Amino acid sequence: MTWLDQAIGWVAPVAGARRLAARRQMDMHGRAYEAARRDHRTASWQAGGTDANAEAGANEEIVRNRSRDLVRNNGWALQIVDTFADHVVGTGIVGAPTGLKGRNAKKVSGDWRSWGEVCDHDGDHDLNGLLWSATKGMAESGAAIVRFRRLQFDAKVTTAPLSLQVMEPDFLDPLKNGTTRSGGLIDRGIEYDAGGRKVAYWLLPHHPGNVAQFRARTLVSDRVPADEIVYLYNKLRPGQDRGMPLLAPAVMTLRDLRGYLDAELVRKRIASCMAGFITDKGDGDPVTLSDPKTGEALKRKFGKLVDKFEPGMMTRLFPGEDVTMATPPSAPGIAEAAQFYLREAAAAAGVMYEHATGDFSGVNYSSWRAGHHGFRRRMERIQWLVVVHKLCRVIAQRYREASLAAGLLPVASFGWRWTPPGFISVDPYKDAQADLANLRMGKVTLSQLVEERGYDYLEFLAQYAEDLANAEAALGPGVMFDGDPRKLVNPPKPESGDAKKADAAANDSADAADAA
């Protein structure tokens, strides 16, 4: 409190108290979050308070189209999206029934594999290809729609009467809005009940970007119940019902990088056009020369002001003239600037810089393994919390329902085990030693190690047993290769005769001591 505050408080106590309270408020404001300050640095910062669906709904189509354009025309964007899908799904996420034994296990596993080969509604992929396509669509477009198509069947059916159709999120009708009779809400193609749960999706009959189909048909959406749809997206905020592309935070970064490199290319092209300027060191009067044959005076007349340089050209200048070559300014640090942009784009998309660019010049074995842990943890989160939970488990549930309806399952109660692909080893020998140690300590099972490599465990065992039987039939009984798991890694060495005698003497001495 200053002397002026004290004087005002003595003359007018009420005004003095107000002055003191205002000073305390200003002091508290000065100690508040700097991110909440309103000054010249944040004057142009407009941060809205809308929810996740309002943010995505207002920008979803624009960001989605720009992300697709980058994937089509930008090699780094394509590499980022493909890297994401390859590490999440790769060659497939292996699903296998659990809780079954004997013939039932073989029957259910065989039917599941047979259905997985023909489950694509379009007939282009197997189940693993559909999972990869849906994951890539989620990364590129923000979401992917997987629709379950129930098929008619008769007594001759041998596979589950169900097919899967992967669709882009453009099929959602963005103009379908309003309320329902039951008190629900329809928001840009997604229908909610009175409690806010999703109960249906309004899908267009064809892609709105297909001009030929648009002319032949009408864009009238159909209501599809939510249990026949999987809307696959990465939920980043509570209450978020729509996904945004993986490249959304990196769109402007990648575009600015492309513009920067295009500008450098233009500068290089200009620099390659060598230019020279002829200057006259005299007083500006025409230069007088004499004809070497006749000795008569000659005058040079100035012609066109611009001449050309040609390869191998040799020319003479008039006396008093000089040529000055233009030197374009250099622009060092292009590689460093491009690397900075690409690191920011890779971080925004959630992948490693080395994955996005293929540039491994700045890492060694130790730094790569240490830096790869965070990326692996992120990919495992997407595998389990998004793809397995939202898509794979629902597919297995719909498959069981369709198989039971067709009478193809011997039992109705069993579980499912899902094993995402393992990450490629940098040092296979060390990782194999670690797998062996974990297996012997009981931290993992052999089925988990096998299925991490994309194989069904029961099929693997059947194939291995067949291989061993074929080897014994061809080479004789009891044959074992060095990689045969029945062979001990460190077999005990046979004891020598002296060692046996020493052990027997020690045992006799011990028996005598016990008897005494």
# chains A, B, ... in the order shown; residues from 1 in each chain; ligands from 1
$ residues_around --residues "Thr180 in chain A" --least-positions-apart "5" --cutoff "9 Å" --atoms "only C-alpha atoms" --output "JSON, numbers by chain"
{"A": [185, 186, 191, 192, 193]}
$ select_by_dssp --residues "range 361-464 of chain A" --states "helix (DSSP H, G or I)" --output "PyMOL selection string"
chain A and resi 365-405+428-441+446-451+457-464
$ residues_around --residues "range 255-258 of chain A" --least-positions-apart "2" --cutoff "9 Å" --atoms "only C-alpha atoms" --output "PDB file with C-alpha atoms, in the first residue's frame"
ATOM      1  CA  LEU A  70      -1.853 -34.887 -50.088  1.00  0.00           C
ATOM      2  CA  ASN A  74       2.720 -35.993 -51.788  1.00  0.00           C
ATOM      3  CA  ALA A 250       0.216 -31.927 -40.611  1.00  0.00           C
ATOM      4  CA  VAL A 251      -1.741 -30.712 -43.654  1.00  0.00           C
ATOM      5  CA  MET A 252      -0.404 -27.164 -43.640  1.00  0.00           C
ATOM      6  CA  THR A 253       3.099 -28.286 -42.684  1.00  0.00           C
ATOM      7  CA  TYR A 260       9.127 -24.072 -50.093  1.00  0.00           C
ATOM      8  CA  LEU A 261      10.764 -26.751 -52.230  1.00  0.00           C
ATOM      9  CA  ASP A 262       8.943 -25.516 -55.354  1.00  0.00           C
ATOM     10  CA  ALA A 263      10.264 -22.001 -54.694  1.00  0.00           C
ATOM     11  CA  ALA A 337      14.695 -26.687 -43.248  1.00  0.00           C
ATOM     12  CA  ALA A 338      13.124 -29.650 -45.049  1.00  0.00           C
ATOM     13  CA  TYR A 341       9.301 -29.553 -41.576  1.00  0.00           C
ATOM     14  CA  LEU A 342       9.263 -33.339 -41.945  1.00  0.00           C
TER      15      LEU A 342
END
$ residues_around --residues "range 87-96 of chain A" --least-positions-apart "5" --cutoff "7 Å" --atoms "only C-alpha atoms" --output "PyMOL selection string"
chain A and resi 109+128+131-132+379+382-383+416-421+451+454-456
$ residues_around --residues "Gly350 in chain A" --least-positions-apart "4" --cutoff "12 Å" --atoms "only C-alpha atoms" --output "list in words"
Ile80, Val81, Thr83, Phe84, His87, Ala139, Pro245, Leu246, Leu247, Ala248, Pro249, Ala250, Arg343, Glu344, Ala345, Ala346, Glu354, His355, Ala356, His372, Gly374, Phe375, Arg376, Arg377, Arg378, Met379, Arg381 and Ile382 of chain A
$ atom_distance --atom1 "CA of Asn65 in chain A" --atom2 "CA of Trp202 in chain A"
20.9 Å
$ closest_residue --among "A:Asp173, A:Glu140, A:Arg41, A:Ala160" --to "Ala396 in chain A" --atoms "only C-alpha atoms"
A:Ala160
$ closest_residue --among "A:Ile62, A:Ala471, A:Ala85, A:Leu436" --to "Gly137 in chain A" --atoms "only C-alpha atoms"
A:Ala85
$ atom_distance --atom1 "CA of Val146 in chain A" --atom2 "CA of Ala105 in chain A"
27.8 Å
$ atom_distance --atom1 "CA of Gly209 in chain A" --atom2 "CA of Gly75 in chain A"
23.8 Å
$ closest_residue --among "A:Tyr233, A:Phe148, A:Phe153, A:Phe460" --to "Val394 in chain A" --atoms "only C-alpha atoms"
A:Phe148
$ closest_residue --among "A:Gly9, A:Pro174, A:Pro161, A:Gly362" --to "Leu404 in chain A" --atoms "only C-alpha atoms"
A:Pro161
$ residues_around --residues "Asn59 in chain A" --least-positions-apart "6" --cutoff "12 Å" --atoms "only C-alpha atoms" --output "PDB file with N, CA, C and O atoms, in the first residue's frame"
ATOM      1  N   ALA A  52     -16.414 -31.562 -29.586  1.00  0.00           N
ATOM      2  CA  ALA A  52     -15.676 -32.293 -30.615  1.00  0.00           C
ATOM      3  C   ALA A  52     -16.503 -32.478 -31.880  1.00  0.00           C
ATOM      4  O   ALA A  52     -15.980 -32.373 -32.995  1.00  0.00           O
ATOM      5  N   ASN A  53     -17.791 -32.751 -31.739  1.00  0.00           N
ATOM      6  CA  ASN A  53     -18.625 -32.985 -32.926  1.00  0.00           C
ATOM      7  C   ASN A  53     -18.848 -31.705 -33.721  1.00  0.00           C
ATOM      8  O   ASN A  53     -18.892 -31.732 -34.950  1.00  0.00           O
ATOM      9  N   ASN A  65     -10.829 -33.928 -47.668  1.00  0.00           N
ATOM     10  CA  ASN A  65     -10.448 -33.800 -49.076  1.00  0.00           C
ATOM     11  C   ASN A  65      -9.005 -33.342 -49.226  1.00  0.00           C
ATOM     12  O   ASN A  65      -8.282 -33.799 -50.130  1.00  0.00           O
ATOM     13  N   ARG A  66      -8.553 -32.462 -48.356  1.00  0.00           N
ATOM     14  CA  ARG A  66      -7.163 -32.012 -48.433  1.00  0.00           C
ATOM     15  C   ARG A  66      -6.204 -33.124 -48.044  1.00  0.00           C
ATOM     16  O   ARG A  66      -5.107 -33.245 -48.617  1.00  0.00           O
ATOM     17  N   GLY A 142     -10.189 -40.062 -41.935  1.00  0.00           N
ATOM     18  CA  GLY A 142     -10.698 -39.792 -40.602  1.00  0.00           C
ATOM     19  C   GLY A 142     -11.567 -40.900 -40.058  1.00  0.00           C
ATOM     20  O   GLY A 142     -11.702 -41.031 -38.842  1.00  0.00           O
ATOM     21  N   ARG A 242     -17.233 -38.411 -34.502  1.00  0.00           N
ATOM     22  CA  ARG A 242     -16.720 -38.358 -35.866  1.00  0.00           C
ATOM     23  C   ARG A 242     -15.205 -38.258 -35.820  1.00  0.00           C
ATOM     24  O   ARG A 242     -14.641 -37.616 -34.924  1.00  0.00           O
ATOM     25  N   GLY A 243     -14.569 -38.889 -36.778  1.00  0.00           N
ATOM     26  CA  GLY A 243     -13.118 -38.902 -36.797  1.00  0.00           C
ATOM     27  C   GLY A 243     -12.542 -37.873 -37.750  1.00  0.00           C
ATOM     28  O   GLY A 243     -13.202 -37.430 -38.692  1.00  0.00           O
ATOM     29  N   MET A 244     -11.310 -37.513 -37.487  1.00  0.00           N
ATOM     30  CA  MET A 244     -10.563 -36.601 -38.347  1.00  0.00           C
ATOM     31  C   MET A 244      -9.339 -37.320 -38.890  1.00  0.00           C
ATOM     32  O   MET A 244      -8.793 -38.218 -38.239  1.00  0.00           O
ATOM     33  N   PRO A 245      -8.885 -36.961 -40.083  1.00  0.00           N
ATOM     34  CA  PRO A 245      -7.746 -37.666 -40.691  1.00  0.00           C
ATOM     35  C   PRO A 245      -6.494 -37.605 -39.833  1.00  0.00           C
ATOM     36  O   PRO A 245      -6.288 -36.677 -39.046  1.00  0.00           O
ATOM     37  N   ALA A 248      -4.441 -34.420 -40.271  1.00  0.00           N
ATOM     38  CA  ALA A 248      -5.072 -33.118 -40.009  1.00  0.00           C
ATOM     39  C   ALA A 248      -4.098 -32.106 -39.397  1.00  0.00           C
ATOM     40  O   ALA A 248      -4.024 -30.962 -39.870  1.00  0.00           O
TER      41      ALA A 248
END
$ residues_around --residues "Gly110 in chain A" --least-positions-apart "3" --cutoff "12 Å" --atoms "only C-alpha atoms" --output "PyMOL selection string"
chain A and resi 95-97+103-107+113-117+158-160+408-409+456+458-459
$ closest_residue --among "A:Ala7, A:Leu475, A:Leu254, A:Val118" --to "Ala349 in chain A" --atoms "only C-alpha atoms"
A:Leu254
